[in-house]
$ cat protein.cif   # mmCIF, C-alpha atoms
data_query
loop_
_atom_site.group_PDB
_atom_site.id
_atom_site.type_symbol
_atom_site.label_atom_id
_atom_site.label_comp_id
_atom_site.auth_asym_id
_atom_site.auth_seq_id
_atom_site.Cartn_x
_atom_site.Cartn_y
_atom_site.Cartn_z
ATOM 1 C CA MET A 1412 106.719 102.765 76.319
ATOM 2 C CA ILE A 1413 107.881 101.695 79.762
ATOM 3 C CA GLU A 1414 106.956 104.491 82.150
ATOM 4 C CA GLU A 1415 109.344 106.224 84.552
ATOM 5 C CA PRO A 1416 106.791 107.926 86.828
ATOM 6 C CA PHE A 1417 109.297 109.014 89.502
ATOM 7 C CA ALA A 1418 111.798 110.571 87.066
ATOM 8 C CA THR A 1419 109.770 113.738 86.541
ATOM 9 C CA GLY A 1420 109.597 116.398 89.213
ATOM 10 C CA THR A 1421 111.053 119.625 90.534
ATOM 11 C CA THR A 1422 112.492 118.467 93.851
ATOM 12 C CA LEU A 1423 116.111 118.583 94.942
ATOM 13 C CA PHE A 1424 116.523 114.924 93.997
ATOM 14 C CA HIS A 1425 115.230 115.371 90.450
ATOM 15 C CA SER A 1426 117.537 118.295 89.717
ATOM 16 C CA ARG A 1427 120.712 116.537 90.819
ATOM 17 C CA ASP A 1428 123.146 114.885 88.426
ATOM 18 C CA ALA A 1429 122.825 111.098 88.169
ATOM 19 C CA ARG A 1430 126.451 110.624 89.208
ATOM 20 C CA VAL A 1431 125.967 112.197 92.631
ATOM 21 C CA LYS A 1432 123.001 109.897 93.249
ATOM 22 C CA LEU A 1433 124.597 106.673 92.043
ATOM 23 C CA ILE A 1434 127.535 106.832 94.469
ATOM 24 C CA PRO A 1435 125.528 107.240 97.724
ATOM 25 C CA ALA A 1436 122.896 104.778 96.511
ATOM 26 C CA VAL A 1437 125.592 102.110 96.149
ATOM 27 C CA ALA A 1438 127.109 103.047 99.528
ATOM 28 C CA ILE A 1439 123.784 102.845 101.397
ATOM 29 C CA THR A 1440 122.872 99.595 99.655
ATOM 30 C CA LEU A 1441 126.164 97.938 100.604
ATOM 31 C CA ILE A 1442 125.902 99.079 104.229
ATOM 32 C CA LEU A 1443 122.326 97.839 104.649
ATOM 33 C CA ALA A 1444 122.904 94.615 102.737
ATOM 34 C CA LEU A 1445 125.967 93.618 104.764
ATOM 35 C CA THR A 1446 124.859 94.683 108.250
ATOM 36 C CA SER A 1447 123.571 92.276 110.841
ATOM 37 C CA SER A 1448 122.646 95.003 113.327
ATOM 38 C CA PHE A 1449 119.005 95.816 113.979
ATOM 39 C CA LEU A 1450 120.003 99.358 114.966
ATOM 40 C CA VAL A 1451 121.778 99.995 111.657
ATOM 41 C CA ALA A 1452 118.982 98.423 109.622
ATOM 42 C CA GLY A 1453 116.241 100.296 111.496
ATOM 43 C CA THR A 1454 118.068 103.632 111.383
ATOM 44 C CA GLY A 1455 118.837 103.144 107.695
ATOM 45 C CA CYS A 1456 115.199 102.365 106.958
ATOM 46 C CA ILE A 1457 114.068 105.537 108.764
ATOM 47 C CA LEU A 1458 116.660 107.784 107.098
ATOM 48 C CA THR A 1459 116.034 106.443 103.604
ATOM 49 C CA GLY A 1460 112.311 106.773 104.269
ATOM 50 C CA LEU A 1461 112.871 110.466 105.029
ATOM 51 C CA LEU A 1462 114.832 110.826 101.777
ATOM 52 C CA LEU A 1463 111.953 109.219 99.940
ATOM 53 C CA ILE A 1464 109.474 111.653 101.509
ATOM 54 C CA LEU A 1465 111.681 114.597 100.475
ATOM 55 C CA SER A 1466 111.614 113.390 96.860
ATOM 56 C CA ARG A 1467 107.788 113.857 97.001
ATOM 57 C CA PRO A 1468 106.646 110.870 94.945
ATOM 58 C CA SER A 1469 103.060 109.910 94.237
ATOM 59 C CA PRO A 1470 101.722 108.156 97.386
ATOM 60 C CA ARG A 1471 99.640 105.749 95.329
ATOM 61 C CA LEU A 1472 102.578 104.632 93.179
ATOM 62 C CA ILE A 1473 104.888 104.372 96.177
ATOM 63 C CA LEU A 1474 102.460 102.224 98.164
ATOM 64 C CA ARG A 1475 101.983 99.960 95.158
ATOM 65 C CA ARG A 1476 105.715 99.325 94.820
ATOM 66 C CA ILE A 1477 106.212 98.866 98.552
ATOM 67 C CA CYS A 1478 103.428 96.288 98.613
ATOM 68 C CA ARG A 1479 104.924 94.406 95.680
ATOM 69 C CA VAL A 1480 108.342 94.185 97.316
ATOM 70 C CA ASN A 1481 106.950 93.220 100.710
ATOM 71 C CA ILE A 1482 105.107 90.251 99.245
ATOM 72 C CA PHE A 1483 108.502 88.562 99.387
ATOM 73 C CA THR A 1484 109.060 89.605 103.003
ATOM 74 C CA LEU A 1485 105.555 88.389 103.877
ATOM 75 C CA PHE A 1486 106.548 84.961 102.591
ATOM 76 C CA LEU A 1487 109.589 85.093 104.897
ATOM 77 C CA TRP A 1488 107.377 86.004 107.856
ATOM 78 C CA LEU A 1489 105.229 82.953 107.116
ATOM 79 C CA THR A 1490 108.151 80.529 106.831
ATOM 80 C CA LEU A 1491 111.143 81.661 108.907
ATOM 81 C CA PRO A 1492 109.444 81.571 112.340
ATOM 82 C CA LEU A 1493 108.363 77.992 111.647
ATOM 83 C CA THR A 1494 111.536 76.655 110.013
ATOM 84 C CA TYR A 1495 114.507 78.722 111.233
ATOM 85 C CA GLY A 1496 115.068 76.825 114.460
ATOM 86 C CA GLY A 1497 117.117 78.153 117.364
ATOM 87 C CA ASP A 1498 117.191 77.775 121.100
ATOM 88 C CA THR A 1499 114.238 80.010 121.991
ATOM 89 C CA ILE A 1500 110.784 78.731 121.007
ATOM 90 C CA LEU A 1501 107.611 80.755 121.496
ATOM 91 C CA PRO A 1502 104.342 78.789 121.712
ATOM 92 C CA PHE A 1503 101.563 80.351 119.651
ATOM 93 C CA LEU A 1504 98.233 78.521 119.453
ATOM 94 C CA PHE A 1505 99.180 75.055 118.142
ATOM 95 C CA LEU A 1506 102.479 76.269 116.574
ATOM 96 C CA ASP A 1507 105.998 76.629 117.932
ATOM 97 C CA LEU A 1508 107.559 79.848 116.651
ATOM 98 C CA SER A 1509 111.307 80.409 116.574
ATOM 99 C CA LEU A 1510 112.391 83.699 118.142
ATOM 100 C CA ASP A 1511 115.543 83.660 116.004
ATOM 101 C CA GLY A 1512 113.380 83.218 112.920
ATOM 102 C CA ILE A 1513 111.265 86.246 113.908
ATOM 103 C CA ARG A 1514 114.422 88.287 114.418
ATOM 104 C CA MET A 1515 115.792 87.252 111.038
ATOM 105 C CA ALA A 1516 112.510 88.092 109.284
ATOM 106 C CA THR A 1517 112.482 91.498 110.980
ATOM 107 C CA LEU A 1518 116.080 92.206 109.970
ATOM 108 C CA ILE A 1519 115.459 91.219 106.353
ATOM 109 C CA THR A 1520 112.310 93.359 106.254
ATOM 110 C CA LEU A 1521 114.155 96.436 107.539
ATOM 111 C CA LYS A 1522 117.060 95.944 105.146
ATOM 112 C CA THR A 1523 114.813 95.288 102.156
ATOM 113 C CA ASN A 1524 112.669 98.364 102.707
ATOM 114 C CA GLY A 1525 115.687 100.555 103.448
ATOM 115 C CA ILE A 1526 117.320 99.583 100.159
ATOM 116 C CA LEU A 1527 114.014 100.025 98.339
ATOM 117 C CA PHE A 1528 113.537 103.515 99.796
ATOM 118 C CA SER A 1529 117.067 104.556 98.815
ATOM 119 C CA PHE A 1530 116.589 103.283 95.266
ATOM 120 C CA LEU A 1531 113.258 105.083 94.876
ATOM 121 C CA ALA A 1532 114.615 108.337 96.299
ATOM 122 C CA LEU A 1533 118.010 108.383 94.585
ATOM 123 C CA LEU A 1534 117.799 106.288 91.419
ATOM 124 C CA ALA A 1535 114.138 106.362 90.413
ATOM 125 C CA THR A 1536 114.258 110.180 90.304
ATOM 126 C CA SER A 1537 116.531 109.933 87.236
ATOM 127 C CA THR A 1538 115.788 108.398 83.864
ATOM 128 C CA LEU A 1539 117.537 105.186 82.930
ATOM 129 C CA ALA A 1540 119.265 107.002 80.079
ATOM 130 C CA SER A 1541 120.821 109.530 82.480
ATOM 131 C CA LEU A 1542 121.797 106.720 84.876
ATOM 132 C CA GLY A 1543 123.492 104.846 82.033
ATOM 133 C CA HIS A 1544 125.496 107.887 80.960
ATOM 134 C CA GLY A 1545 126.254 108.593 84.622
ATOM 135 C CA LEU A 1546 127.681 105.099 85.059
ATOM 136 C CA GLU A 1547 129.885 105.625 82.020
ATOM 137 C CA LYS A 1548 131.193 108.928 83.424
ATOM 138 C CA LEU A 1549 131.942 107.200 86.728
ATOM 139 C CA GLY A 1550 134.217 104.733 84.945
ATOM 140 C CA MET A 1551 132.014 101.785 84.051
ATOM 141 C CA PRO A 1552 133.205 100.128 80.808
ATOM 142 C CA ARG A 1553 131.616 101.694 77.751
ATOM 143 C CA LYS A 1554 130.455 98.344 76.392
ATOM 144 C CA LEU A 1555 128.467 97.589 79.567
ATOM 145 C CA THR A 1556 126.709 100.953 79.545
ATOM 146 C CA PHE A 1557 126.048 100.558 75.821
ATOM 147 C CA LEU A 1558 124.519 97.135 76.499
ATOM 148 C CA LEU A 1559 122.388 98.549 79.340
ATOM 149 C CA LEU A 1560 121.010 101.443 77.299
ATOM 150 C CA PHE A 1561 120.297 99.405 74.193
ATOM 151 C CA SER A 1562 118.688 96.583 76.173
ATOM 152 C CA TYR A 1563 116.392 99.175 77.712
ATOM 153 C CA ARG A 1564 115.645 100.575 74.269
ATOM 154 C CA GLN A 1565 114.981 97.114 72.834
ATOM 155 C CA LEU A 1566 112.349 96.427 75.480
ATOM 156 C CA PHE A 1567 110.158 99.017 73.785
ATOM 157 C CA VAL A 1568 110.638 97.325 70.413
ATOM 158 C CA ILE A 1569 109.708 93.897 71.794
ATOM 159 C CA HIS A 1570 106.650 95.323 73.531
ATOM 160 C CA GLN A 1571 105.454 97.117 70.394
ATOM 161 C CA GLU A 1572 105.921 94.003 68.240
ATOM 162 C CA TYR A 1573 104.039 91.865 70.760
ATOM 163 C CA LEU A 1574 101.104 94.289 70.869
ATOM 164 C CA ARG A 1575 100.972 94.436 67.068
ATOM 165 C CA LEU A 1576 100.935 90.643 66.709
ATOM 166 C CA GLN A 1577 98.372 90.296 69.498
ATOM 167 C CA ARG A 1578 96.154 92.839 67.765
ATOM 168 C CA ALA A 1579 96.488 90.959 64.469
ATOM 169 C CA ALA A 1580 95.459 87.700 66.169
ATOM 170 C CA ARG A 1581 92.340 89.301 67.657
ATOM 171 C CA LEU A 1582 91.348 90.763 64.274
ATOM 172 C CA ARG A 1583 91.459 87.215 62.909
ATOM 173 C CA GLY A 1584 88.982 86.018 65.516
ATOM 174 C CA PHE A 1585 91.404 84.517 68.050
ATOM 175 C CA ILE A 1586 89.796 84.047 71.463
ATOM 176 C CA PRO A 1587 92.068 82.707 74.258
ATOM 177 C CA ALA A 1588 90.845 79.538 75.937
ATOM 178 C CA ASN A 1589 92.207 76.586 77.839
ATOM 179 C CA SER A 1590 92.945 74.579 74.705
ATOM 180 C CA LEU A 1591 95.851 73.235 72.695
ATOM 181 C CA HIS A 1592 95.093 75.734 69.932
ATOM 182 C CA THR A 1593 95.524 78.640 72.370
ATOM 183 C CA TYR A 1594 98.836 77.327 73.680
ATOM 184 C CA ARG A 1595 100.109 76.795 70.148
ATOM 185 C CA THR A 1596 98.993 80.279 69.102
ATOM 186 C CA TYR A 1597 100.738 81.946 72.044
ATOM 187 C CA SER A 1598 103.934 79.988 71.418
ATOM 188 C CA HIS A 1599 103.910 81.146 67.790
ATOM 189 C CA LEU A 1600 103.159 84.691 68.943
ATOM 190 C CA PHE A 1601 106.131 84.759 71.328
ATOM 191 C CA ALA A 1602 108.436 83.254 68.715
ATOM 192 C CA MET A 1603 107.401 85.748 66.043
ATOM 193 C CA THR A 1604 107.810 88.589 68.559
ATOM 194 C CA LEU A 1605 111.456 87.672 69.072
ATOM 195 C CA VAL A 1606 112.091 87.196 65.347
ATOM 196 C CA LYS A 1607 110.489 90.488 64.340
ATOM 197 C CA SER A 1608 112.165 92.432 67.145
ATOM 198 C CA TRP A 1609 115.520 90.929 66.071
ATOM 199 C CA ASN A 1610 114.928 92.069 62.488
ATOM 200 C CA ARG A 1611 113.908 95.503 63.750
ATOM 201 C CA ALA A 1612 117.087 95.754 65.820
ATOM 202 C CA GLU A 1613 119.187 94.829 62.785
ATOM 203 C CA ARG A 1614 117.595 97.633 60.781
ATOM 204 C CA VAL A 1615 118.206 100.093 63.621
ATOM 205 C CA HIS A 1616 121.868 99.060 63.794
ATOM 206 C CA GLN A 1617 122.301 99.441 60.029
ATOM 207 C CA ALA A 1618 120.705 102.885 60.165
ATOM 208 C CA MET A 1619 123.083 103.917 62.973
ATOM 209 C CA VAL A 1620 126.150 102.654 61.069
ATOM 210 C CA LEU A 1621 125.068 104.609 57.977
ATOM 211 C CA ARG A 1622 124.936 107.728 60.155
ATOM 212 C CA GLY A 1623 128.487 107.257 61.392
ATOM 213 C CA PHE A 1624 127.898 105.403 64.667
ATOM 214 C CA ASN A 1625 131.290 104.433 66.178
ATOM 215 C CA GLY A 1626 130.189 102.718 69.410
ATOM 216 C CA THR A 1627 129.829 105.875 71.494
ATOM 217 C CA LEU A 1628 126.438 107.137 72.640
ATOM 218 C CA ILE A 1629 126.415 110.916 73.001
ATOM 219 C CA PRO A 1630 123.731 112.231 75.377
ATOM 220 C CA LEU A 1631 121.551 115.122 74.296
ATOM 221 C CA ASN A 1632 122.518 117.123 77.378
ATOM 222 C CA GLN A 1633 125.808 116.922 79.242
ATOM 223 C CA PRO A 1634 125.313 118.684 82.598
ATOM 224 C CA GLN A 1635 128.268 119.802 84.647
ATOM 225 C CA LEU A 1636 128.505 119.179 88.372
ATOM 226 C CA SER A 1637 127.583 122.233 90.416
ATOM 227 C CA LYS A 1638 128.192 123.226 94.014
ATOM 228 C CA ASN A 1639 124.729 121.973 94.912
ATOM 229 C CA ASP A 1640 125.596 118.567 93.454
ATOM 230 C CA TYR A 1641 128.747 118.324 95.563
ATOM 231 C CA LEU A 1642 126.834 119.463 98.651
ATOM 232 C CA PHE A 1643 124.132 116.847 97.989
ATOM 233 C CA LEU A 1644 126.754 114.125 97.509
ATOM 234 C CA THR A 1645 128.576 115.101 100.703
ATOM 235 C CA THR A 1646 125.343 115.103 102.745
ATOM 236 C CA ILE A 1647 124.208 111.654 101.602
ATOM 237 C CA LEU A 1648 127.708 110.214 102.049
ATOM 238 C CA LEU A 1649 127.746 111.579 105.606
ATOM 239 C CA ILE A 1650 124.487 109.720 106.218
ATOM 240 C CA SER A 1651 126.115 106.561 104.850
ATOM 241 C CA PHE A 1652 129.171 107.113 107.065
ATOM 242 C CA PHE A 1653 126.893 107.596 110.073
ATOM 243 C CA LEU A 1654 125.148 104.286 109.357
ATOM 244 C CA ALA A 1655 128.481 102.486 108.919
ATOM 245 C CA THR A 1656 129.866 103.773 112.241
ATOM 246 C CA ILE A 1657 126.804 103.060 114.411
ATOM 247 C CA PRO A 1658 128.040 99.589 115.515
ATOM 248 C CA PHE A 1659 131.319 101.083 116.794
ATOM 249 C CA PHE A 1660 129.523 103.372 119.246
ATOM 250 C CA CYS A 1661 126.802 100.988 120.441
#

$ encode --input "protein.cif" --output "structure tokens"
Amino acid sequence: MIEEPFATGTTLFHSRDARVKLIPAVAITLILALTSSFLVAGTGCILTGLLLILSRPSPRLILRRICRVNIFTLFLWLTLPLTYGGDTILPFLFLDLSLDGIRMATLITLKTNGILFSFLALLATSTLASLGHGLEKLGMPRKLTFLLLFSYRQLFVIHQEYLRLQRAARLRGFIPANSLHTYRTYSHLFAMTLVKSWNRAERVHQAMVLRGFNGTLIPLNQPQLSKNDYLFLTTILLISFFLATIPFFC
């Protein structure tokens, strides 16, 4: 099973309906992704970081995900100052660093981490199943949400089939090595994983049709929006509005 370690908890973020977290998450993401202001990006990164702290995630898991995402930004820091160009050049040892490249790398880093923090605080605190049903209630086409939920479900099937075939290969004495036999074995393993998972999905679909499935996924629990949900939505949207209006006052 694919784990959702941030979806379990007792904080304010975990108890809120997925719908009231999807809307501000999209708003904050659009504002940070489209801005070219360092003030907006920096303020957004700080505010979303505070939201992430309030969701009280595991520090070890959070640091691991932040490090994984910032591997990409590290690559930008290694390339943009040397290749971006611009009018201002800073000499550093035997290299000429572009000040505009450093600014661009900084801006991308702030925007990337701000969006990451908002996703971890607002979206990761809900299960994918609740997010899928939330998207459907917000007006997303039913076929798209159905495709999202069943693709997520099928990942488990593919993973289980791969582990079963890998276990069968080891029981038959297969030892991976840098050889043509190993490459051929892994290619057969991947192919059989897809074939068997396809057959498994067909059986699941037939079982659902026999039980009266009509294309609609009914969630086990259907929570109603409360006053706390509306208050939470209003607060996060005010934060988004504050970020969007910063350039007009500075």

$ atom_distance --input "protein.cif" --atom1 "CA of Ile1629 in chain A" --atom2 "CA of Leu1542 in chain A"
13.4 Å

$ atom_distance --input "protein.cif" --atom1 "CA of His1544 in chain A" --atom2 "CA of Val1606 in chain A"
29.2 Å

$ closest_residue --input "protein.cif" --among "A:Arg1471, A:Ile1657, A:Ile1477, A:Leu1463" --to "Thr1520 in chain A" --atoms "only C-alpha atoms"
A:Ile1477

$ resolve_selection --input "protein.cif" --expression "the PyMOL selection byres ((chain A and resi 1525) around 9)" --output "VMD selection string"
chain A and resid 1439 to 1440 1443 1452 to 1460 1520 to 1524 1526 to 1530

$ closest_atom_pairs --input "protein.cif" --of "range 1517-1564 of chain A" --to "range 1490-1511 of chain A" --cutoff "12 Å" --atoms "only C-alpha atoms" --output "tab-separated table"
residue	atom	partner	partner_atom	distance
A:Thr1517	CA	A:Asp1511	CA	9.8
A:Leu1518	CA	A:Asp1511	CA	10.5
A:Ile1519	CA	A:Leu1491	CA	10.8

$ residues_around --input "protein.cif" --residues "Leu1546 in chain A" --least-positions-apart "6" --cutoff "12 Å" --atoms "all atoms listed in the file" --output "number ranges by chain"
A: 1428-1434, 1437, 1534, 1539-1540, 1552-1557, 1559-1560

$ closest_residue --input "protein.cif" --among "A:Ile1442, A:Gln1565, A:Arg1467, A:Leu1485" --to "Thr1419 in chain A" --atoms "all atoms listed in the file"
A:Arg1467

$ closest_residue --input "protein.cif" --among "A:Asn1625, A:Gly1543, A:Leu1450, A:Leu1574" --to "Phe1653 in chain A" --atoms "only C-alpha atoms"
A:Leu1450

$ residues_around --input "protein.cif" --residues "Ile1569 in chain A" --least-positions-apart "3" --cutoff "10 Å" --atoms "only C-alpha atoms" --output "number ranges by chain"
A: 1564-1566, 1572-1575, 1601, 1604-1609, 1611-1612

$ closest_atom_pairs --input "protein.cif" --of "range 1517-1579 of chain A" --to "range 1420-1423 of chain A" --cutoff "12 Å" --atoms "all atoms listed in the file" --output "tab-separated table"
residue	atom	partner	partner_atom	distance
A:Ala1532	CA	A:Leu1423	CA	10.4
A:Leu1533	CA	A:Leu1423	CA	10.4
A:Ala1535	CA	A:Gly1420	CA	11.1
A:Thr1536	CA	A:Gly1420	CA	7.8
A:Ser1537	CA	A:Gly1420	CA	9.7
A:Thr1538	CA	A:Gly1420	CA	11.4

$ build_atoms --input "protein.cif" --residues "range 1580-1604 of chain A" --atoms "N, CA and C atoms" --output "PDB file, in the frame of the given file"
ATOM      1  N   ALA A1580      96.133  88.949  65.835  1.00  0.00           N
ATOM      2  CA  ALA A1580      95.459  87.700  66.169  1.00  0.00           C
ATOM      3  C   ALA A1580      94.006  87.938  66.551  1.00  0.00           C
ATOM      4  N   ARG A1581      93.727  89.009  67.270  1.00  0.00           N
ATOM      5  CA  ARG A1581      92.340  89.301  67.657  1.00  0.00           C
ATOM      6  C   ARG A1581      91.497  89.676  66.437  1.00  0.00           C
ATOM      7  N   LEU A1582      92.090  90.410  65.489  1.00  0.00           N
ATOM      8  CA  LEU A1582      91.348  90.763  64.274  1.00  0.00           C
ATOM      9  C   LEU A1582      90.994  89.537  63.440  1.00  0.00           C
ATOM     10  N   ARG A1583      91.736  88.461  63.623  1.00  0.00           N
ATOM     11  CA  ARG A1583      91.459  87.215  62.909  1.00  0.00           C
ATOM     12  C   ARG A1583      90.546  86.277  63.704  1.00  0.00           C
ATOM     13  N   GLY A1584      89.964  86.795  64.771  1.00  0.00           N
ATOM     14  CA  GLY A1584      88.982  86.018  65.516  1.00  0.00           C
ATOM     15  C   GLY A1584      89.552  85.140  66.598  1.00  0.00           C
ATOM     16  N   PHE A1585      90.813  85.360  67.008  1.00  0.00           N
ATOM     17  CA  PHE A1585      91.404  84.517  68.050  1.00  0.00           C
ATOM     18  C   PHE A1585      90.832  84.886  69.411  1.00  0.00           C
ATOM     19  N   ILE A1586      90.329  83.883  70.113  1.00  0.00           N
ATOM     20  CA  ILE A1586      89.796  84.047  71.463  1.00  0.00           C
ATOM     21  C   ILE A1586      90.549  83.082  72.393  1.00  0.00           C
ATOM     22  N   PRO A1587      91.312  83.596  73.368  1.00  0.00           N
ATOM     23  CA  PRO A1587      92.068  82.707  74.258  1.00  0.00           C
ATOM     24  C   PRO A1587      91.154  81.777  75.043  1.00  0.00           C
ATOM     25  N   ALA A1588      91.590  80.535  75.165  1.00  0.00           N
ATOM     26  CA  ALA A1588      90.845  79.538  75.937  1.00  0.00           C
ATOM     27  C   ALA A1588      91.839  78.496  76.438  1.00  0.00           C
ATOM     28  N   ASN A1589      91.368  77.661  77.304  1.00  0.00           N
ATOM     29  CA  ASN A1589      92.207  76.586  77.839  1.00  0.00           C
ATOM     30  C   ASN A1589      92.195  75.412  76.853  1.00  0.00           C
ATOM     31  N   SER A1590      92.935  75.592  75.755  1.00  0.00           N
ATOM     32  CA  SER A1590      92.945  74.579  74.705  1.00  0.00           C
ATOM     33  C   SER A1590      94.330  74.511  74.082  1.00  0.00           C
ATOM     34  N   LEU A1591      94.565  73.410  73.364  1.00  0.00           N
ATOM     35  CA  LEU A1591      95.851  73.235  72.695  1.00  0.00           C
ATOM     36  C   LEU A1591      96.063  74.297  71.624  1.00  0.00           C
ATOM     37  N   HIS A1592      94.994  74.697  70.968  1.00  0.00           N
ATOM     38  CA  HIS A1592      95.093  75.734  69.932  1.00  0.00           C
ATOM     39  C   HIS A1592      95.573  77.062  70.526  1.00  0.00           C
ATOM     40  N   THR A1593      95.101  77.398  71.717  1.00  0.00           N
ATOM     41  CA  THR A1593      95.524  78.640  72.370  1.00  0.00           C
ATOM     42  C   THR A1593      97.001  78.592  72.740  1.00  0.00           C
ATOM     43  N   TYR A1594      97.430  77.459  73.308  1.00  0.00           N
ATOM     44  CA  TYR A1594      98.836  77.327  73.680  1.00  0.00           C
ATOM     45  C   TYR A1594      99.734  77.402  72.452  1.00  0.00           C
ATOM     46  N   ARG A1595      99.319  76.767  71.370  1.00  0.00           N
ATOM     47  CA  ARG A1595     100.109  76.795  70.148  1.00  0.00           C
ATOM     48  C   ARG A1595     100.158  78.209  69.567  1.00  0.00           C
ATOM     49  N   THR A1596      99.042  78.917  69.630  1.00  0.00           N
ATOM     50  CA  THR A1596      98.993  80.279  69.102  1.00  0.00           C
ATOM     51  C   THR A1596      99.908  81.207  69.888  1.00  0.00           C
ATOM     52  N   TYR A1597      99.879  81.089  71.227  1.00  0.00           N
ATOM     53  CA  TYR A1597     100.738  81.946  72.044  1.00  0.00           C
ATOM     54  C   TYR A1597     102.213  81.613  71.854  1.00  0.00           C
ATOM     55  N   SER A1598     102.539  80.345  71.672  1.00  0.00           N
ATOM     56  CA  SER A1598     103.934  79.988  71.418  1.00  0.00           C
ATOM     57  C   SER A1598     104.411  80.575  70.097  1.00  0.00           C
ATOM     58  N   HIS A1599     103.560  80.517  69.059  1.00  0.00           N
ATOM     59  CA  HIS A1599     103.910  81.146  67.790  1.00  0.00           C
ATOM     60  C   HIS A1599     104.023  82.663  67.934  1.00  0.00           C
ATOM     61  N   LEU A1600     103.133  83.239  68.749  1.00  0.00           N
ATOM     62  CA  LEU A1600     103.159  84.691  68.943  1.00  0.00           C
ATOM     63  C   LEU A1600     104.459  85.129  69.607  1.00  0.00           C
ATOM     64  N   PHE A1601     104.882  84.412  70.651  1.00  0.00           N
ATOM     65  CA  PHE A1601     106.131  84.759  71.328  1.00  0.00           C
ATOM     66  C   PHE A1601     107.329  84.575  70.403  1.00  0.00           C
ATOM     67  N   ALA A1602     107.320  83.499  69.632  1.00  0.00           N
ATOM     68  CA  ALA A1602     108.436  83.254  68.715  1.00  0.00           C
ATOM     69  C   ALA A1602     108.525  84.343  67.652  1.00  0.00           C
ATOM     70  N   MET A1603     107.399  84.711  67.073  1.00  0.00           N
ATOM     71  CA  MET A1603     107.401  85.748  66.043  1.00  0.00           C
ATOM     72  C   MET A1603     107.756  87.113  66.637  1.00  0.00           C
ATOM     73  N   THR A1604     107.414  87.333  67.912  1.00  0.00           N
ATOM     74  CA  THR A1604     107.810  88.589  68.559  1.00  0.00           C
ATOM     75  C   THR A1604     109.317  88.713  68.611  1.00  0.00           C
TER      76      THR A1604
END
